[in-house]
$ cat run_29.pdb   # PDB, C-alpha atoms
MODEL        1
ATOM      1  CA  MET A 274      26.001 213.982  80.508
ATOM      2  CA  LYS A 275      28.798 216.443  81.156
ATOM      3  CA  PRO A 276      32.125 215.882  79.345
ATOM      4  CA  LYS A 277      33.958 215.264  82.623
ATOM      5  CA  THR A 278      31.406 212.674  83.699
ATOM      6  CA  GLN A 279      31.603 211.073  80.270
ATOM      7  CA  ASN A 280      35.389 210.762  80.611
ATOM      8  CA  MET A 281      35.102 209.206  84.050
ATOM      9  CA  ALA A 282      32.489 206.764  82.834
ATOM     10  CA  ARG A 283      34.669 205.820  79.855
ATOM     11  CA  ASN A 284      37.689 205.296  82.097
ATOM     12  CA  LEU A 285      35.713 203.220  84.564
ATOM     13  CA  ALA A 286      34.472 201.010  81.754
ATOM     14  CA  GLY A 287      38.055 200.605  80.572
ATOM     15  CA  SER A 288      39.144 199.556  84.053
ATOM     16  CA  ILE A 289      36.381 196.992  84.297
ATOM     17  CA  LEU A 290      37.305 195.573  80.908
ATOM     18  CA  LEU A 291      40.960 195.330  81.956
ATOM     19  CA  LEU A 292      40.054 193.446  85.102
ATOM     20  CA  VAL A 293      37.761 191.127  83.212
ATOM     21  CA  ASN A 294      40.454 190.423  80.651
ATOM     22  CA  LEU A 295      43.075 189.714  83.315
ATOM     23  CA  THR A 296      40.749 187.298  85.059
ATOM     24  CA  SER A 297      39.854 185.426  81.905
ATOM     25  CA  PHE A 298      43.530 185.289  80.932
ATOM     26  CA  SER A 299      44.499 183.709  84.239
ATOM     27  CA  ASN A 300      41.659 181.202  84.006
ATOM     28  CA  ALA A 301      42.892 180.164  80.569
ATOM     29  CA  GLN A 302      46.317 179.157  81.887
ATOM     30  CA  MET A 303      46.963 175.440  82.077
ATOM     31  CA  SER A 304      48.243 173.978  85.312
ATOM     32  CA  SER A 305      48.463 170.486  83.919
ATOM     33  CA  ALA A 306      49.738 168.844  80.772
ATOM     34  CA  THR A 307      49.258 165.375  79.369
ATOM     35  CA  GLN A 308      51.257 163.050  77.195
ATOM     36  CA  ILE A 309      50.385 159.706  75.632
ATOM     37  CA  LEU A 310      53.041 157.053  76.119
ATOM     38  CA  THR A 311      52.868 153.596  74.613
ATOM     39  CA  LEU A 312      55.169 150.896  75.923
ATOM     40  CA  SER A 313      55.268 147.911  73.597
ATOM     41  CA  VAL A 314      56.978 144.636  74.289
ATOM     42  CA  LYS A 315      57.614 142.406  71.312
ATOM     43  CA  GLU A 316      57.917 138.666  71.545
ATOM     44  CA  LEU A 317      61.560 138.046  72.260
ATOM     45  CA  ASN A 318      63.904 135.158  72.841
ATOM     46  CA  ALA A 319      67.506 135.356  73.950
ATOM     47  CA  ILE A 320      69.974 132.530  74.423
ATOM     48  CA  ASP A 321      73.626 132.591  75.367
ATOM     49  CA  LEU A 322      76.383 130.157  76.186
ATOM     50  CA  VAL A 323      78.991 130.899  78.821
ATOM     51  CA  GLY A 324      82.223 128.994  78.517
ATOM     52  CA  GLY A 325      84.843 128.865  75.843
ATOM     53  CA  GLU A 326      85.955 126.049  73.632
ATOM     54  CA  ILE A 327      85.668 122.568  75.052
ATOM     55  CA  ASP A 328      88.523 120.102  74.698
ATOM     56  CA  LEU A 329      87.594 116.506  75.427
ATOM     57  CA  GLN A 330      90.449 113.995  75.439
ATOM     58  CA  ILE A 331      89.883 110.272  75.652
ATOM     59  CA  ASN A 332      93.168 108.956  76.950
ATOM     60  CA  ARG A 333      92.380 106.440  79.651
ATOM     61  CA  VAL A 334      91.238 102.860  79.479
ATOM     62  CA  SER A 335      88.983 100.957  81.831
ATOM     63  CA  GLU A 336      90.814  98.116  83.535
ATOM     64  CA  THR A 337      87.609  96.096  83.731
ATOM     65  CA  THR A 338      86.321  96.454  80.184
ATOM     66  CA  ASN A 339      89.506  97.371  78.372
ATOM     67  CA  GLN A 340      87.531 100.053  76.629
ATOM     68  CA  PRO A 341      88.497 103.756  76.533
ATOM     69  CA  LEU A 342      86.942 105.690  79.392
ATOM     70  CA  PRO A 343      84.618 108.553  78.394
ATOM     71  CA  ALA A 344      85.873 112.114  78.697
ATOM     72  CA  GLU A 345      83.567 114.602  80.420
ATOM     73  CA  ASN A 346      83.310 118.351  80.705
ATOM     74  CA  ALA A 347      80.679 120.295  82.638
ATOM     75  CA  GLY A 348      82.232 123.720  82.340
ATOM     76  CA  SER A 349      79.602 125.352  80.144
ATOM     77  CA  ARG A 350      76.474 127.181  81.185
ATOM     78  CA  LEU A 351      73.470 127.818  79.002
ATOM     79  CA  LEU A 352      71.234 130.836  79.686
ATOM     80  CA  TRP A 353      67.964 131.837  78.101
ATOM     81  CA  THR A 354      65.099 134.277  78.326
ATOM     82  CA  SER A 355      61.781 134.053  76.515
ATOM     83  CA  ASN A 356      58.526 135.907  76.941
ATOM     84  CA  GLY A 357      56.859 133.536  74.484
ATOM     85  CA  GLU A 358      54.717 130.548  75.245
ATOM     86  CA  ASN A 359      55.751 126.908  74.998
ATOM     87  CA  ARG A 360      59.287 127.296  73.664
ATOM     88  CA  LYS A 361      62.045 124.702  73.662
ATOM     89  CA  ILE A 362      65.807 124.663  73.297
ATOM     90  CA  THR A 363      67.336 122.371  70.748
ATOM     91  CA  VAL A 364      70.929 121.411  70.122
ATOM     92  CA  ALA A 365      72.664 120.400  66.915
ATOM     93  CA  THR A 366      76.151 119.825  65.568
ATOM     94  CA  ASN A 367      77.613 120.653  62.203
ATOM     95  CA  ASN A 368      79.555 117.392  62.174
ATOM     96  CA  THR A 369      77.381 115.094  60.128
ATOM     97  CA  ALA A 370      79.792 112.175  60.025
ATOM     98  CA  ALA A 371      81.149 111.893  63.537
ATOM     99  CA  ARG A 372      82.866 108.643  64.355
ATOM    100  CA  PHE A 373      83.073 109.145  68.101
ATOM    101  CA  SER A 374      80.038 109.549  70.304
ATOM    102  CA  LEU A 375      79.234 112.956  71.753
ATOM    103  CA  ARG A 376      76.416 113.226  74.271
ATOM    104  CA  ILE A 377      74.964 116.228  76.057
ATOM    105  CA  ILE A 378      73.124 116.440  79.362
ATOM    106  CA  ALA A 379      71.444 119.598  80.697
ATOM    107  CA  LYS A 380      71.941 119.643  84.458
ATOM    108  CA  ASN A 381      70.647 121.889  87.225
ATOM    109  CA  VAL A 382      67.926 123.434  85.093
ATOM    110  CA  SER A 383      66.691 126.496  86.965
ATOM    111  CA  THR A 384      63.167 127.839  87.112
ATOM    112  CA  SER A 385      61.011 126.732  84.240
ATOM    113  CA  GLY A 386      61.765 124.184  81.597
ATOM    114  CA  SER A 387      62.296 120.466  81.734
ATOM    115  CA  SER A 388      65.442 118.752  80.561
ATOM    116  CA  ALA A 389      65.630 115.849  78.214
ATOM    117  CA  THR A 390      67.572 113.074  79.892
ATOM    118  CA  GLU A 391      70.368 112.913  77.375
ATOM    119  CA  VAL A 392      70.961 113.968  73.817
ATOM    120  CA  ILE A 393      73.257 112.167  71.436
ATOM    121  CA  LEU A 394      74.697 114.439  68.783
ATOM    122  CA  ASN A 395      75.008 112.527  65.584
ATOM    123  CA  GLY A 396      74.505 115.044  62.833
ATOM    124  CA  ASP A 397      70.832 114.490  62.379
ATOM    125  CA  ALA A 398      68.226 117.170  62.853
ATOM    126  CA  PRO A 399      68.378 119.413  65.957
ATOM    127  CA  LYS A 400      67.345 117.563  69.092
ATOM    128  CA  ASP A 401      65.330 118.776  72.017
ATOM    129  CA  LEU A 402      67.429 119.560  75.054
ATOM    130  CA  ILE A 403      65.038 121.607  77.205
ATOM    131  CA  ARG A 404      61.299 121.700  76.771
ATOM    132  CA  SER A 405      58.380 123.672  78.182
ATOM    133  CA  VAL A 406      60.033 127.057  78.365
ATOM    134  CA  SER A 407      57.278 129.652  78.798
ATOM    135  CA  ARG A 408      57.590 133.307  79.792
ATOM    136  CA  SER A 409      60.693 132.805  81.841
ATOM    137  CA  SER A 410      64.421 133.100  82.095
ATOM    138  CA  GLY A 411      66.612 130.252  83.146
ATOM    139  CA  SER A 412      69.941 128.520  83.018
ATOM    140  CA  CYS A 413      71.503 125.098  83.190
ATOM    141  CA  THR A 414      74.877 123.437  83.204
ATOM    142  CA  ILE A 415      75.864 121.702  80.008
ATOM    143  CA  LYS A 416      77.714 118.448  80.432
ATOM    144  CA  TYR A 417      79.483 116.925  77.421
ATOM    145  CA  ILE A 418      80.435 113.278  77.394
ATOM    146  CA  ALA A 419      82.619 111.949  74.606
ATOM    147  CA  ALA A 420      83.110 108.203  74.177
ATOM    148  CA  ALA A 421      84.900 105.962  71.732
ATOM    149  CA  ASP A 422      85.209 102.240  71.183
ATOM    150  CA  VAL A 423      88.556 100.582  70.701
ATOM    151  CA  SER A 424      87.418  99.599  67.231
ATOM    152  CA  GLU A 425      87.000 103.264  66.297
ATOM    153  CA  GLY A 426      90.705 103.892  66.585
ATOM    154  CA  THR A 427      92.196 107.322  67.199
ATOM    155  CA  GLY A 428      91.537 110.676  65.681
ATOM    156  CA  THR A 429      90.199 114.197  66.239
ATOM    157  CA  GLU A 430      86.718 115.466  65.528
ATOM    158  CA  HIS A 431      85.471 119.018  65.672
ATOM    159  CA  HIS A 432      81.895 119.977  66.422
ATOM    160  CA  LEU A 433      80.282 123.343  66.164
ATOM    161  CA  VAL A 434      77.449 122.836  68.641
ATOM    162  CA  THR A 435      74.515 125.193  68.236
ATOM    163  CA  TYR A 436      71.746 125.785  70.777
ATOM    164  CA  THR A 437      68.514 127.279  69.496
ATOM    165  CA  ILE A 438      65.433 128.508  71.264
ATOM    166  CA  THR A 439      62.468 127.711  69.099
ATOM    167  CA  GLY A 440      58.763 126.995  69.050
ATOM    168  CA  GLY A 441      57.743 124.046  71.173
TER
ATOM    169  CA  MET B  85      56.579 257.401  92.728
ATOM    170  CA  THR B  86      56.527 255.053  95.638
ATOM    171  CA  LEU B  87      52.754 255.014  95.669
ATOM    172  CA  LYS B  88      52.636 254.201  91.939
ATOM    173  CA  CYS B  89      55.006 251.343  92.367
ATOM    174  CA  PHE B  90      53.034 249.957  95.243
ATOM    175  CA  SER B  91      49.793 250.205  93.295
ATOM    176  CA  GLY B  92      51.317 248.347  90.326
ATOM    177  CA  PHE B  93      52.648 245.599  92.567
ATOM    178  CA  ALA B  94      49.267 245.220  94.219
ATOM    179  CA  ILE B  95      47.525 244.845  90.850
ATOM    180  CA  LEU B  96      50.079 242.238  89.770
ATOM    181  CA  MET B  97      49.556 240.238  92.933
ATOM    182  CA  VAL B  98      45.821 240.219  92.394
ATOM    183  CA  LEU B  99      46.042 239.196  88.745
ATOM    184  CA  ALA B 100      48.823 236.607  89.050
ATOM    185  CA  PRO B 101      46.744 233.852  90.700
ATOM    186  CA  SER B 102      43.950 234.339  88.250
ATOM    187  CA  LEU B 103      46.438 234.092  85.361
ATOM    188  CA  ALA B 104      47.834 230.831  86.770
ATOM    189  CA  PHE B 105      44.389 229.282  87.334
ATOM    190  CA  SER B 106      43.304 230.293  83.936
ATOM    191  CA  GLN B 107      45.697 227.704  82.340
ATOM    192  CA  VAL B 108      43.893 224.657  83.899
ATOM    193  CA  TYR B 109      40.681 223.853  82.038
ATOM    194  CA  GLY B 110      39.769 220.640  83.830
ATOM    195  CA  THR B 111      41.076 217.541  85.668
ATOM    196  CA  ALA B 112      40.195 213.878  85.571
ATOM    197  CA  GLY B 113      41.431 210.958  87.626
ATOM    198  CA  HIS B 114      40.725 207.323  88.047
ATOM    199  CA  ILE B 115      42.002 204.404  90.028
ATOM    200  CA  VAL B 116      43.944 201.787  88.108
ATOM    201  CA  THR B 117      43.967 198.407  89.792
ATOM    202  CA  VAL B 118      46.379 195.791  88.555
ATOM    203  CA  LYS B 119      45.617 192.345  89.841
ATOM    204  CA  VAL B 120      47.961 189.495  89.086
ATOM    205  CA  GLN B 121      46.173 186.223  89.503
ATOM    206  CA  PRO B 122      48.001 183.004  90.215
ATOM    207  CA  VAL B 123      49.307 182.034  86.825
ATOM    208  CA  THR B 124      50.635 178.587  86.084
ATOM    209  CA  VAL B 125      51.735 177.206  82.772
ATOM    210  CA  LEU B 126      52.852 173.674  82.111
ATOM    211  CA  GLN B 127      53.908 172.376  78.738
ATOM    212  CA  LEU B 128      55.423 169.282  77.160
ATOM    213  CA  ASN B 129      57.410 169.485  73.969
ATOM    214  CA  ALA B 130      56.043 166.157  72.722
ATOM    215  CA  GLY B 131      52.535 164.788  72.815
ATOM    216  CA  ILE B 132      53.310 161.178  72.028
ATOM    217  CA  VAL B 133      56.117 158.886  73.116
ATOM    218  CA  ASN B 134      56.589 155.341  71.842
ATOM    219  CA  MET B 135      58.854 152.910  73.637
ATOM    220  CA  ASN B 136      59.617 149.408  72.398
ATOM    221  CA  ILE B 137      61.272 146.507  74.128
ATOM    222  CA  THR B 138      62.728 144.215  71.537
ATOM    223  CA  GLY B 139      65.264 141.424  71.411
ATOM    224  CA  ALA B 140      68.029 144.002  71.713
ATOM    225  CA  ASN B 141      66.840 144.769  75.246
ATOM    226  CA  ALA B 142      66.877 141.128  76.364
ATOM    227  CA  VAL B 143      69.782 139.453  78.111
ATOM    228  CA  ALA B 144      69.765 135.677  78.219
ATOM    229  CA  GLY B 145      69.241 134.433  81.735
ATOM    230  CA  GLN B 146      67.658 137.650  82.988
ATOM    231  CA  ASP B 147      63.930 137.938  83.500
ATOM    232  CA  GLN B 148      63.886 141.737  83.367
ATOM    233  CA  MET B 149      64.184 143.827  80.229
ATOM    234  CA  THR B 150      64.353 147.614  80.184
ATOM    235  CA  VAL B 151      64.140 150.462  77.720
ATOM    236  CA  THR B 152      64.619 154.173  78.360
ATOM    237  CA  ASP B 153      63.468 157.334  76.606
ATOM    238  CA  GLN B 154      64.622 160.876  77.266
ATOM    239  CA  THR B 155      63.171 162.795  74.334
ATOM    240  CA  THR B 156      60.580 164.792  76.247
ATOM    241  CA  SER B 157      61.118 168.160  77.916
ATOM    242  CA  LEU B 158      58.770 169.517  80.569
ATOM    243  CA  LEU B 159      58.513 173.297  80.817
ATOM    244  CA  TRP B 160      56.731 175.316  83.467
ATOM    245  CA  GLY B 161      56.120 178.770  84.814
ATOM    246  CA  THR B 162      54.358 179.758  87.998
ATOM    247  CA  ASN B 163      54.123 182.954  90.011
ATOM    248  CA  SER B 164      52.991 181.196  93.172
ATOM    249  CA  SER B 165      55.296 180.040  95.883
ATOM    250  CA  THR B 166      55.574 176.551  97.359
ATOM    251  CA  LYS B 167      54.580 174.658  94.255
ATOM    252  CA  LYS B 168      55.461 171.188  93.037
ATOM    253  CA  ILE B 169      54.787 169.093  89.951
ATOM    254  CA  SER B 170      53.188 165.707  90.341
ATOM    255  CA  VAL B 171      52.692 162.964  87.775
ATOM    256  CA  SER B 172      50.152 160.206  87.315
ATOM    257  CA  THR B 173      48.927 157.806  84.665
ATOM    258  CA  SER B 174      45.450 156.899  83.503
ATOM    259  CA  LEU B 175      46.320 153.200  83.241
ATOM    260  CA  ALA B 176      45.149 151.479  86.402
ATOM    261  CA  SER B 177      46.556 148.005  85.747
ATOM    262  CA  PRO B 178      49.599 148.171  83.494
ATOM    263  CA  LEU B 179      51.191 144.978  82.301
ATOM    264  CA  TYR B 180      54.658 146.477  82.573
ATOM    265  CA  THR B 181      56.328 148.891  84.955
ATOM    266  CA  LEU B 182      56.850 152.481  83.828
ATOM    267  CA  LYS B 183      59.055 154.869  85.777
ATOM    268  CA  VAL B 184      59.822 158.536  85.262
ATOM    269  CA  LEU B 185      62.547 160.806  86.580
ATOM    270  CA  ALA B 186      63.010 164.561  86.186
ATOM    271  CA  VAL B 187      66.532 165.010  84.864
ATOM    272  CA  SER B 188      68.562 168.217  85.270
ATOM    273  CA  PRO B 189      65.807 170.608  86.384
ATOM    274  CA  THR B 190      66.839 174.245  85.921
ATOM    275  CA  VAL B 191      64.822 175.141  89.029
ATOM    276  CA  GLY B 192      63.586 173.011  91.898
ATOM    277  CA  THR B 193      64.528 169.629  93.203
ATOM    278  CA  ALA B 194      63.913 166.362  91.396
ATOM    279  CA  ALA B 195      62.136 163.713  93.422
ATOM    280  CA  PRO B 196      63.484 160.162  93.325
ATOM    281  CA  GLN B 197      62.433 158.079  90.333
ATOM    282  CA  VAL B 198      58.671 157.586  90.342
ATOM    283  CA  THR B 199      56.819 154.406  89.445
ATOM    284  CA  LEU B 200      53.758 155.658  87.609
ATOM    285  CA  SER B 201      50.335 154.850  89.002
ATOM    286  CA  THR B 202      46.896 156.412  89.005
ATOM    287  CA  LEU B 203      47.787 158.003  92.320
ATOM    288  CA  GLY B 204      49.766 161.174  91.805
ATOM    289  CA  ALA B 205      53.389 161.117  92.893
ATOM    290  CA  ASP B 206      55.866 163.957  93.287
ATOM    291  CA  LEU B 207      58.133 164.553  90.322
ATOM    292  CA  LEU B 208      59.593 167.992  91.097
ATOM    293  CA  LEU B 209      59.609 169.943  94.342
ATOM    294  CA  ASN B 210      60.248 173.570  95.259
ATOM    295  CA  ILE B 211      59.450 175.220  91.936
ATOM    296  CA  GLY B 212      57.682 178.237  93.430
ATOM    297  CA  ARG B 213      57.784 181.589  91.556
ATOM    298  CA  SER B 214      59.919 180.435  88.691
ATOM    299  CA  SER B 215      60.007 179.274  85.157
ATOM    300  CA  GLY B 216      62.134 176.330  84.264
ATOM    301  CA  SER B 217      62.479 173.075  82.427
ATOM    302  CA  CYS B 218      63.749 169.550  82.813
ATOM    303  CA  LYS B 219      64.121 166.414  80.754
ATOM    304  CA  LEU B 220      61.835 163.479  81.422
ATOM    305  CA  GLN B 221      63.537 160.130  81.589
ATOM    306  CA  TYR B 222      61.060 157.288  81.145
ATOM    307  CA  THR B 223      62.118 153.733  81.959
ATOM    308  CA  GLY B 224      59.980 150.825  80.808
ATOM    309  CA  ILE B 225      60.513 147.511  82.561
ATOM    310  CA  ALA B 226      59.102 144.232  81.312
ATOM    311  CA  LEU B 227      59.477 140.803  82.830
ATOM    312  CA  ALA B 228      59.628 137.750  80.603
ATOM    313  CA  SER B 229      56.840 136.303  82.696
ATOM    314  CA  LYS B 230      54.540 139.094  81.491
ATOM    315  CA  GLY B 231      54.815 138.034  77.879
ATOM    316  CA  ALA B 232      54.424 140.292  74.847
ATOM    317  CA  GLY B 233      51.945 143.137  74.665
ATOM    318  CA  SER B 234      51.606 146.865  75.056
ATOM    319  CA  ASP B 235      50.509 149.440  77.620
ATOM    320  CA  SER B 236      49.016 152.783  76.616
ATOM    321  CA  HIS B 237      49.394 155.494  79.232
ATOM    322  CA  THR B 238      47.933 158.972  79.322
ATOM    323  CA  ILE B 239      50.382 160.669  81.631
ATOM    324  CA  THR B 240      49.299 163.838  83.411
ATOM    325  CA  PHE B 241      51.659 166.355  84.948
ATOM    326  CA  THR B 242      50.070 168.775  87.401
ATOM    327  CA  VAL B 243      51.320 171.802  89.292
ATOM    328  CA  GLN B 244      50.125 171.562  92.865
ATOM    329  CA  THR B 245      50.604 173.338  96.139
ATOM    330  CA  GLN B 246      53.458 171.769  98.004
TER
ENDMDL
END
$ encode --input "run_29.pdb" --output "C-alpha cells"
Amino acid sequence: MKPKTQNMARNLAGSILLLVNLTSFSNAQMSSATQILTLSVKELNAIDLVGGEIDLQINRVSETTNQPLPAENAGSRLLWTSNGENRKITVATNNTAARFSLRIIAKNVSTSGSSATEVILNGDAPKDLIRSVSRSSGSCTIKYIAAADVSEGTGTEHHLVTYTITGG
Amino acid sequence: MTLKCFSGFAILMVLAPSLAFSQVYGTAGHIVTVKVQPVTVLQLNAGIVNMNITGANAVAGQDQMTVTDQTTSLLWGTNSSTKKISVSTSLASPLYTLKVLAVSPTVGTAAPQVTLSTLGADLLLNIGRSSGSCKLQYTGIALASKGAGSDSHTITFTVQTQ
C-alpha cells in the first residue's frame, strides 16, 4: 500500500473511531434519576385545652331547698388527635382532699369518641372522660359544675385539672 | 545586451514554476464529521431521603399532620429544545400523601406542587438547551385516620419532550 493511501486509511479509521465514541458517549448519558424516599409516621397523640383559668363562685341559694346553687362554666374546649387504636381521655385533679364537689361533663363530642356521662373529681385515680378514640381528631366542650352543701361552709379550693390521652 | 536580458528572463520564467512545485511533496485530506447527539444528564445530590412525622408535627384537634424536606437538589443538562422534567413514584398505593415542588429553578418554569403517583406528572417545564438546578421540596401528609406506618417510594425524575 502506498504511503498516501496508508495515511488516508489511518485517518478514515480515526474518524470512524471518533464517531463510534461519540455515539457510545451519548448513549451512556442518563435522562432519568431515581431517589428512595421513606415517609414514616410514628404513633402520636396530641391533646390541648383551649380556655384559661376557670373561676367558679357559689354565691346563690335555692329558695326551694335552701341549699347553695351549683356554679357552672362551659367555657373550655378540649381538642385531641390520635392515630393510635382504642385510646381514651382521662381527667384528674391534684386536689386530693377537696371539700366541695367538682364535676365535669364532656359535651358536644365531635367525630369519634364517646363521652362518659359525668365525672366527679375527688382526688382518686384519673377517671375516664372520653372513650373509644381511634385514629381520629376531635373536640368537645368541657363543662365544670361546682357544688357545696350548707354544712360544708365557705372556703376556696384550687384544682389543677389534667387531661390525658392514654391507652384504652 | 537586450537579447541577453530577455533570454535570462525567459529562463527564469520557465524555472520559477518548477521551483515552486518542487517544495510540495504530497497532500492528504479527509472529512471530519462532528455529530452531537441529543445529550441529557439528570442528577440528584442525594440518593436517600427519610421523612418522619412525629408528635411534634401533630396539632390537637387536627386530623392532618405534615412534614417537609428540602435537602435534595436536582441538577440537569440537555442540549435539546422543548424539554421538561417529570416525576413519578413506584409506590402504587401509598398510605400517606407525598407531594413535591421544584423550588427556585435556575432555568425553566416550576409546575404547581405535584402529588406523587405512578403516573408521571410535570415537575419542571421549558428547560430546553440548558443546564440548571432546583431544590426539591417534599411534603408528607398523614391523616390520623391512617394510623402509624411507613411508605417507601422510589421516585424517578425523567427528562421528556414537552
$ closest_residue --input "run_29.pdb" --among "B:Thr245, B:Ser234, B:Gln148, B:Asn141" --to "chain A" --atoms "only C-alpha atoms"
B:Ser234
$ closest_residue --input "run_29.pdb" --among "A:Ile377, A:Glu391, A:Arg360, A:Leu352" --to "chain B" --atoms "only C-alpha atoms"
A:Leu352
$ resolve_selection --input "run_29.pdb" --expression "the PyMOL selection byres ((chain B and resi 188-205) around 7)" --output "number ranges by chain"
B: 170-176, 182-187, 206-211, 216-219
$ interface_residues --input "run_29.pdb" --of "chain B" --to "chain A" --cutoff "6 Å" --atoms "all atoms listed in the file" --output "PyMOL selection string"
chain B and resi 123-127+131-139+144-147+228-229+231-243
$ atom_distance --input "run_29.pdb" --atom1 "atom CA of Ala419 of chain A" --atom2 "atom CA of Thr366 of chain A"
13.6 Å
$ closest_residue --input "run_29.pdb" --among "B:Thr223, B:Ser214, B:Ser177, B:Asn129" --to "Met149 of chain B" --atoms "all atoms listed in the file"
B:Thr223
$ residues_around --input "run_29.pdb" --residues "Gln340 of chain A" --least-positions-apart "6" --cutoff "8 Å" --atoms "all atoms listed in the file" --output "ChimeraX atom specification"
/A:334,422-423
$ closest_residue --input "run_29.pdb" --among "A:Ser424, A:Thr437, A:Asn359, A:Thr369" --to "Asn339 of chain A" --atoms "only C-alpha atoms"
A:Ser424
$ closest_residue --input "run_29.pdb" --among "A:Ile331, A:Ala347, A:Leu342, A:Leu402" --to "Ser387 of chain A" --atoms "only C-alpha atoms"
A:Leu402
$ atom_distance --input "run_29.pdb" --atom1 "atom CA of His431 of chain A" --atom2 "atom CA of Asn381 of chain A"
26.3 Å
$ resolve_selection --input "run_29.pdb" --expression "the PyMOL selection byres ((chain A and resi 395) around 8)" --output "list in words"
Thr366, Asn368, Thr369, Ala370, Ala371, Ser374, Leu375, Ile393, Leu394, Gly396 and Asp397 of chain A
$ write_last_selection --input "run_29.pdb" --atoms "C-alpha atoms" --output "CSV table (one decimal), in the coordinates of the input"
chain,number,residue,atom,x,y,z
A,366,THR,CA,76.2,119.8,65.6
A,368,ASN,CA,79.6,117.4,62.2
A,369,THR,CA,77.4,115.1,60.1
A,370,ALA,CA,79.8,112.2,60.0
A,371,ALA,CA,81.1,111.9,63.5
A,374,SER,CA,80.0,109.5,70.3
A,375,LEU,CA,79.2,113.0,71.8
A,393,ILE,CA,73.3,112.2,71.4
A,394,LEU,CA,74.7,114.4,68.8
A,396,GLY,CA,74.5,115.0,62.8
A,397,ASP,CA,70.8,114.5,62.4
$ atom_distance --input "run_29.pdb" --atom1 "atom CA of Val392 of chain A" --atom2 "atom CA of Ile415 of chain A"
11.1 Å
$ residues_around --input "run_29.pdb" --residues "Glu425 of chain A" --least-positions-apart "3" --cutoff "10 Å" --atoms "all atoms listed in the file" --output "list in words"
Arg372, Phe373, Ala421, Asp422 and Gly428 of chain A
$ residues_around --input "run_29.pdb" --residues "Asn332 of chain A" --least-positions-apart "4" --cutoff "10 Å" --atoms "only C-alpha atoms" --output "PDB file with C-alpha atoms, in the coordinates of the input"
ATOM      1  CA  PRO A 341      88.497 103.756  76.533  1.00  0.00           C
ATOM      2  CA  LEU A 342      86.942 105.690  79.392  1.00  0.00           C
ATOM      3  CA  PRO A 343      84.618 108.553  78.394  1.00  0.00           C
ATOM      4  CA  ALA A 344      85.873 112.114  78.697  1.00  0.00           C
ATOM      5  CA  THR A 427      92.196 107.322  67.199  1.00  0.00           C
TER       6      THR A 427
END
$ closest_residue --input "run_29.pdb" --among "B:Gln246, B:Tyr222, B:Gln121, B:Thr111" --to "Ile169 of chain B" --atoms "all atoms listed in the file"
B:Gln246
$ axis_aligned_box --input "run_29.pdb" --around "segment 160-174 of chain B" --padding-each-side "4 Å" --output "lines of an AutoDock Vina configuration file"
center_x = 51.1
center_y = 169.9
center_z = 90.4
size_x = 19.3
size_y = 34.1
size_z = 21.9
$ resolve_selection --input "run_29.pdb" --expression "the PyMOL selection byres ((chain A and resi 323) around 6)" --output "list in words"
Leu322, Gly324, Ser349 and Arg350 of chain A
